[in-house]
Amino acid sequence: MKTSADGSARRTIWATGDGAVEIIDQTRLPHEYATKRLASVEDVAEAIAVMRVRGAPLIGATAAYGMAIAADVDPSDAALALARQILFATRPTAVNLGWALARVADVLASLPLERRAEAAWTEAEAIAAEDIALNGAIGDHGLALIKAAQKARPGETVNVLTHCNAGWLATVGWGTATAPIYKAHAAGIPIHVWVDETRPRNQGASLTAWELAEAGVPHTLIADNAGGHLMQHGRVDLCIVGTDRTAANGDVCNKIGTYLKALAAHDNGVPFYVALPSPTLDLSLQSGRDVPIEERAGTEVTEITGRTADGRIESVCVTTPSTAAANPAFDVTPARLVTGLVTERGVIEPERLREVFGSRA
Ligand code: MRU
């Protein structure tokens, strides 16, 4: 398994040095750790669309590498515009996708054709390296929150609830919501994570639980409906989740079901934090109402995939074949339910986003 340059975080994507990248194929986890080579724009687009790579920061970084692969083949304006269009059409919700594509395209636009390929690889590497650094900083700021929770109940284990996978698999390295958890664990703070299974695609059960097990962090998988009950009974000290797009007013779009957890946290006085690296911020949106919400195939709801006792990975239907299913993949948690945004610049109240990040462009 690849580690990042500073050796502190696992790495999900890396350049092979011959015009391609390698990724961890997340559709195989937790049953099998397999890597996959992506050598064309079509390979990259397919990997994002079918979620071999997923999670907002990793989608952005992968798309950036996709532009580099495209520039290697044909650096003309027309070819790059087409590559950008193909990559942008893969998934609509994570703002990191459009952000990363625009960043690479802007750099290339000012360069002569013969310098574009090298510059694209350099920019994609920079986006990847920055992602690891931003997430490391989020980890440090989030660690302070976990330390504070421990101080409030000395000697007790800190119980964190998380939803979906905002771990290192969802980023280039470290993860966003999990970075504070990994740092707390490394610092010797007794910590335990409630892992929402996160139907319909089960990123919690398949990916977050796998990551935490791998890192030796104590955790327990729960059905998505269990979080409210656990909060009512004082068994959750804080929630930390990720985000795919956060609007200027602090409304947070994240994996479907996040909103219900935030409501339950609010009702029970449990702090609800969102780990937000700045590339996931969309200051062009006044509120979360305008976030495009991805609708995925109904079969993700009517079927469930797992490994059989004899080792085969299979999907089975959990309803009658004639049942129609709706599958909105994300929801929006209003800023009023968010205790704080854990950013690379510190933990801030949602209403301070513009003040803190307004001039970042
Ligand atoms: O559909 P996915 O698996 O790409 O959704 C992932 C999430 O919702 C994550 O919480 C979000 O991207 C933040 S990842 C650091």
# chains A, B, ... in the order shown; residues from 1 in each chain; ligands from 1
>>> residues_around(residues="range 204-213 of chain A", least_positions_apart="5", cutoff="12 Å", atoms="only C-alpha atoms", output="ChimeraX atom specification")
/A:9-10,24-33,52-55,161-170,173-175,177-179,181-182,185,191-199,218-224,241,255,257,304-307
>>> select_by_dssp(residues="range 26-274 of chain A", states="strand (DSSP E)", output="PyMOL selection string")
chain A and resi 35-38+158-162+191-196+219-222+238-241+245-247+252-255+272-274
>>> write_last_selection(atoms="C-alpha atoms", output="PDB file, in the first residue's frame")
ATOM      1  CA  THR A  35      -5.201  -1.363  -7.670  1.00  0.00           C
ATOM      2  CA  LYS A  36      -6.187  -0.318 -11.169  1.00  0.00           C
ATOM      3  CA  ARG A  37      -4.245   1.488 -13.876  1.00  0.00           C
ATOM      4  CA  LEU A  38      -5.997   4.425 -15.562  1.00  0.00           C
ATOM      5  CA  VAL A 158     -14.320   9.589  23.445  1.00  0.00           C
ATOM      6  CA  ASN A 159     -17.122   8.308  21.216  1.00  0.00           C
ATOM      7  CA  VAL A 160     -17.256   9.840  17.745  1.00  0.00           C
ATOM      8  CA  LEU A 161     -20.000   9.145  15.210  1.00  0.00           C
ATOM      9  CA  THR A 162     -19.216   9.454  11.516  1.00  0.00           C
ATOM     10  CA  ILE A 191     -11.276   6.839  21.106  1.00  0.00           C
ATOM     11  CA  HIS A 192     -14.089   4.752  19.670  1.00  0.00           C
ATOM     12  CA  VAL A 193     -15.949   5.396  16.415  1.00  0.00           C
ATOM     13  CA  TRP A 194     -19.586   4.622  15.662  1.00  0.00           C
ATOM     14  CA  VAL A 195     -19.577   3.886  11.931  1.00  0.00           C
ATOM     15  CA  ASP A 196     -22.880   4.471  10.101  1.00  0.00           C
ATOM     16  CA  HIS A 219     -14.984   1.110  16.102  1.00  0.00           C
ATOM     17  CA  THR A 220     -18.461  -0.369  15.871  1.00  0.00           C
ATOM     18  CA  LEU A 221     -20.614  -0.585  12.771  1.00  0.00           C
ATOM     19  CA  ILE A 222     -24.214   0.558  13.261  1.00  0.00           C
ATOM     20  CA  LEU A 238     -19.407  14.340  19.014  1.00  0.00           C
ATOM     21  CA  CYS A 239     -20.188  13.766  15.357  1.00  0.00           C
ATOM     22  CA  ILE A 240     -17.650  14.492  12.616  1.00  0.00           C
ATOM     23  CA  VAL A 241     -18.648  14.119   8.968  1.00  0.00           C
ATOM     24  CA  ARG A 245     -19.955  21.043  -1.207  1.00  0.00           C
ATOM     25  CA  THR A 246     -20.475  23.715   1.413  1.00  0.00           C
ATOM     26  CA  ALA A 247     -22.276  26.909   0.442  1.00  0.00           C
ATOM     27  CA  VAL A 252     -23.385  21.541   4.171  1.00  0.00           C
ATOM     28  CA  CYS A 253     -24.083  19.049   1.416  1.00  0.00           C
ATOM     29  CA  ASN A 254     -22.884  15.538   2.250  1.00  0.00           C
ATOM     30  CA  LYS A 255     -23.869  11.907   1.814  1.00  0.00           C
ATOM     31  CA  PHE A 272     -21.990  18.240  15.098  1.00  0.00           C
ATOM     32  CA  TYR A 273     -18.777  19.085  13.224  1.00  0.00           C
ATOM     33  CA  VAL A 274     -18.083  19.067   9.497  1.00  0.00           C
TER      34      VAL A 274
END
>>> closest_atom_pairs(of="range 129-223 of chain A", to="range 96-116 of chain A", cutoff="12 Å", atoms="only C-alpha atoms", output="JSON lines")
{"residue": "A:Glu130", "atom": "CA", "partner": "A:Ala100", "partner_atom": "CA", "distance": 11.7}
{"residue": "A:Asp131", "atom": "CA", "partner": "A:Asn96", "partner_atom": "CA", "distance": 10.8}
{"residue": "A:Ala170", "atom": "CA", "partner": "A:Asn96", "partner_atom": "CA", "distance": 11.9}
{"residue": "A:Thr171", "atom": "CA", "partner": "A:Asn96", "partner_atom": "CA", "distance": 10.8}
>>> write_last_selection(atoms="C-alpha atoms", output="PDB file, in the first residue's frame")
ATOM      1  CA  GLU A 130      -2.058  20.117  -1.130  1.00  0.00           C
ATOM      2  CA  ASP A 131      -4.944  17.792  -0.334  1.00  0.00           C
ATOM      3  CA  ALA A 170     -12.050   9.658   0.110  1.00  0.00           C
ATOM      4  CA  THR A 171      -9.044  11.946  -0.270  1.00  0.00           C
TER       5      THR A 171
END
>>> select_by_dssp(residues="range 152-314 of chain A", states="alpha helix (DSSP H)", output="ChimeraX atom specification")
/A:152,179-186,203,209-215,227-232,258-267,299-302
>>> closest_residue(among="A:Ala275, A:Ala34, A:Leu260, A:Ala226", to="ligand 1", atoms="only C-alpha atoms and all ligand atoms")
A:Ala275
>>> closest_residue(among="A:Pro328, A:Gly346, A:Gly311, A:Gly66", to="ligand 1", atoms="only C-alpha atoms and all ligand atoms")
A:Pro328
>>> decode(residues="range 224-245 of chain A", atoms="N, CA, C and O atoms", output="PDB file, in the first residue's frame")
ATOM      1  N   ASP A 224     -27.848   2.595   9.887  1.00  0.00           N
ATOM      2  CA  ASP A 224     -28.022   4.042   9.760  1.00  0.00           C
ATOM      3  C   ASP A 224     -29.049   4.600  10.741  1.00  0.00           C
ATOM      4  O   ASP A 224     -28.963   5.746  11.149  1.00  0.00           O
ATOM      5  N   ASN A 225     -30.026   3.790  11.089  1.00  0.00           N
ATOM      6  CA  ASN A 225     -31.099   4.273  11.955  1.00  0.00           C
ATOM      7  C   ASN A 225     -30.744   4.276  13.440  1.00  0.00           C
ATOM      8  O   ASN A 225     -31.554   4.671  14.260  1.00  0.00           O
ATOM      9  N   ALA A 226     -29.548   3.821  13.792  1.00  0.00           N
ATOM     10  CA  ALA A 226     -29.215   3.657  15.217  1.00  0.00           C
ATOM     11  C   ALA A 226     -28.645   4.915  15.871  1.00  0.00           C
ATOM     12  O   ALA A 226     -28.660   5.044  17.097  1.00  0.00           O
ATOM     13  N   GLY A 227     -28.145   5.859  15.068  1.00  0.00           N
ATOM     14  CA  GLY A 227     -27.430   7.007  15.632  1.00  0.00           C
ATOM     15  C   GLY A 227     -28.261   7.819  16.620  1.00  0.00           C
ATOM     16  O   GLY A 227     -27.764   8.203  17.687  1.00  0.00           O
ATOM     17  N   GLY A 228     -29.515   8.092  16.274  1.00  0.00           N
ATOM     18  CA  GLY A 228     -30.366   8.902  17.158  1.00  0.00           C
ATOM     19  C   GLY A 228     -30.532   8.246  18.517  1.00  0.00           C
ATOM     20  O   GLY A 228     -30.434   8.903  19.569  1.00  0.00           O
ATOM     21  N   HIS A 229     -30.745   6.963  18.523  1.00  0.00           N
ATOM     22  CA  HIS A 229     -30.895   6.218  19.778  1.00  0.00           C
ATOM     23  C   HIS A 229     -29.626   6.325  20.624  1.00  0.00           C
ATOM     24  O   HIS A 229     -29.688   6.580  21.829  1.00  0.00           O
ATOM     25  N   LEU A 230     -28.475   6.150  19.983  1.00  0.00           N
ATOM     26  CA  LEU A 230     -27.206   6.226  20.724  1.00  0.00           C
ATOM     27  C   LEU A 230     -27.001   7.626  21.306  1.00  0.00           C
ATOM     28  O   LEU A 230     -26.529   7.782  22.435  1.00  0.00           O
ATOM     29  N   MET A 231     -27.383   8.648  20.540  1.00  0.00           N
ATOM     30  CA  MET A 231     -27.233  10.022  21.040  1.00  0.00           C
ATOM     31  C   MET A 231     -28.169  10.262  22.235  1.00  0.00           C
ATOM     32  O   MET A 231     -27.779  10.877  23.227  1.00  0.00           O
ATOM     33  N   GLN A 232     -29.388   9.755  22.154  1.00  0.00           N
ATOM     34  CA  GLN A 232     -30.337   9.925  23.266  1.00  0.00           C
ATOM     35  C   GLN A 232     -29.809   9.323  24.558  1.00  0.00           C
ATOM     36  O   GLN A 232     -30.144   9.761  25.646  1.00  0.00           O
ATOM     37  N   HIS A 233     -28.977   8.287  24.421  1.00  0.00           N
ATOM     38  CA  HIS A 233     -28.492   7.577  25.604  1.00  0.00           C
ATOM     39  C   HIS A 233     -27.067   7.984  25.988  1.00  0.00           C
ATOM     40  O   HIS A 233     -26.388   7.257  26.709  1.00  0.00           O
ATOM     41  N   GLY A 234     -26.624   9.147  25.477  1.00  0.00           N
ATOM     42  CA  GLY A 234     -25.327   9.693  25.902  1.00  0.00           C
ATOM     43  C   GLY A 234     -24.138   8.897  25.413  1.00  0.00           C
ATOM     44  O   GLY A 234     -23.053   8.975  26.002  1.00  0.00           O
ATOM     45  N   ARG A 235     -24.315   8.155  24.325  1.00  0.00           N
ATOM     46  CA  ARG A 235     -23.214   7.292  23.871  1.00  0.00           C
ATOM     47  C   ARG A 235     -22.435   7.876  22.691  1.00  0.00           C
ATOM     48  O   ARG A 235     -21.595   7.211  22.125  1.00  0.00           O
ATOM     49  N   VAL A 236     -22.734   9.130  22.361  1.00  0.00           N
ATOM     50  CA  VAL A 236     -21.975   9.826  21.311  1.00  0.00           C
ATOM     51  C   VAL A 236     -21.514  11.170  21.886  1.00  0.00           C
ATOM     52  O   VAL A 236     -22.332  11.966  22.339  1.00  0.00           O
ATOM     53  N   ASP A 237     -20.210  11.419  21.894  1.00  0.00           N
ATOM     54  CA  ASP A 237     -19.695  12.688  22.407  1.00  0.00           C
ATOM     55  C   ASP A 237     -19.691  13.765  21.339  1.00  0.00           C
ATOM     56  O   ASP A 237     -19.898  14.938  21.629  1.00  0.00           O
ATOM     57  N   LEU A 238     -19.363  13.381  20.116  1.00  0.00           N
ATOM     58  CA  LEU A 238     -19.407  14.340  19.014  1.00  0.00           C
ATOM     59  C   LEU A 238     -19.549  13.597  17.693  1.00  0.00           C
ATOM     60  O   LEU A 238     -19.178  12.418  17.593  1.00  0.00           O
ATOM     61  N   CYS A 239     -20.117  14.302  16.723  1.00  0.00           N
ATOM     62  CA  CYS A 239     -20.188  13.766  15.357  1.00  0.00           C
ATOM     63  C   CYS A 239     -19.174  14.539  14.519  1.00  0.00           C
ATOM     64  O   CYS A 239     -19.031  15.751  14.682  1.00  0.00           O
ATOM     65  N   ILE A 240     -18.496  13.826  13.623  1.00  0.00           N
ATOM     66  CA  ILE A 240     -17.650  14.492  12.616  1.00  0.00           C
ATOM     67  C   ILE A 240     -17.949  13.832  11.270  1.00  0.00           C
ATOM     68  O   ILE A 240     -17.833  12.604  11.139  1.00  0.00           O
ATOM     69  N   VAL A 241     -18.354  14.643  10.315  1.00  0.00           N
ATOM     70  CA  VAL A 241     -18.648  14.119   8.968  1.00  0.00           C
ATOM     71  C   VAL A 241     -17.867  14.949   7.944  1.00  0.00           C
ATOM     72  O   VAL A 241     -17.285  15.983   8.276  1.00  0.00           O
ATOM     73  N   GLY A 242     -17.895  14.492   6.710  1.00  0.00           N
ATOM     74  CA  GLY A 242     -17.249  15.237   5.623  1.00  0.00           C
ATOM     75  C   GLY A 242     -18.267  16.071   4.873  1.00  0.00           C
ATOM     76  O   GLY A 242     -19.413  16.243   5.304  1.00  0.00           O
ATOM     77  N   THR A 243     -17.866  16.612   3.752  1.00  0.00           N
ATOM     78  CA  THR A 243     -18.786  17.366   2.902  1.00  0.00           C
ATOM     79  C   THR A 243     -18.342  17.294   1.442  1.00  0.00           C
ATOM     80  O   THR A 243     -17.149  17.161   1.149  1.00  0.00           O
ATOM     81  N   ASP A 244     -19.307  17.367   0.555  1.00  0.00           N
ATOM     82  CA  ASP A 244     -19.045  17.383  -0.885  1.00  0.00           C
ATOM     83  C   ASP A 244     -19.124  18.777  -1.474  1.00  0.00           C
ATOM     84  O   ASP A 244     -18.588  19.048  -2.542  1.00  0.00           O
ATOM     85  N   ARG A 245     -19.843  19.643  -0.766  1.00  0.00           N
ATOM     86  CA  ARG A 245     -19.955  21.043  -1.207  1.00  0.00           C
ATOM     87  C   ARG A 245     -20.591  21.823  -0.058  1.00  0.00           C
ATOM     88  O   ARG A 245     -21.664  21.460   0.428  1.00  0.00           O
TER      89      ARG A 245
END
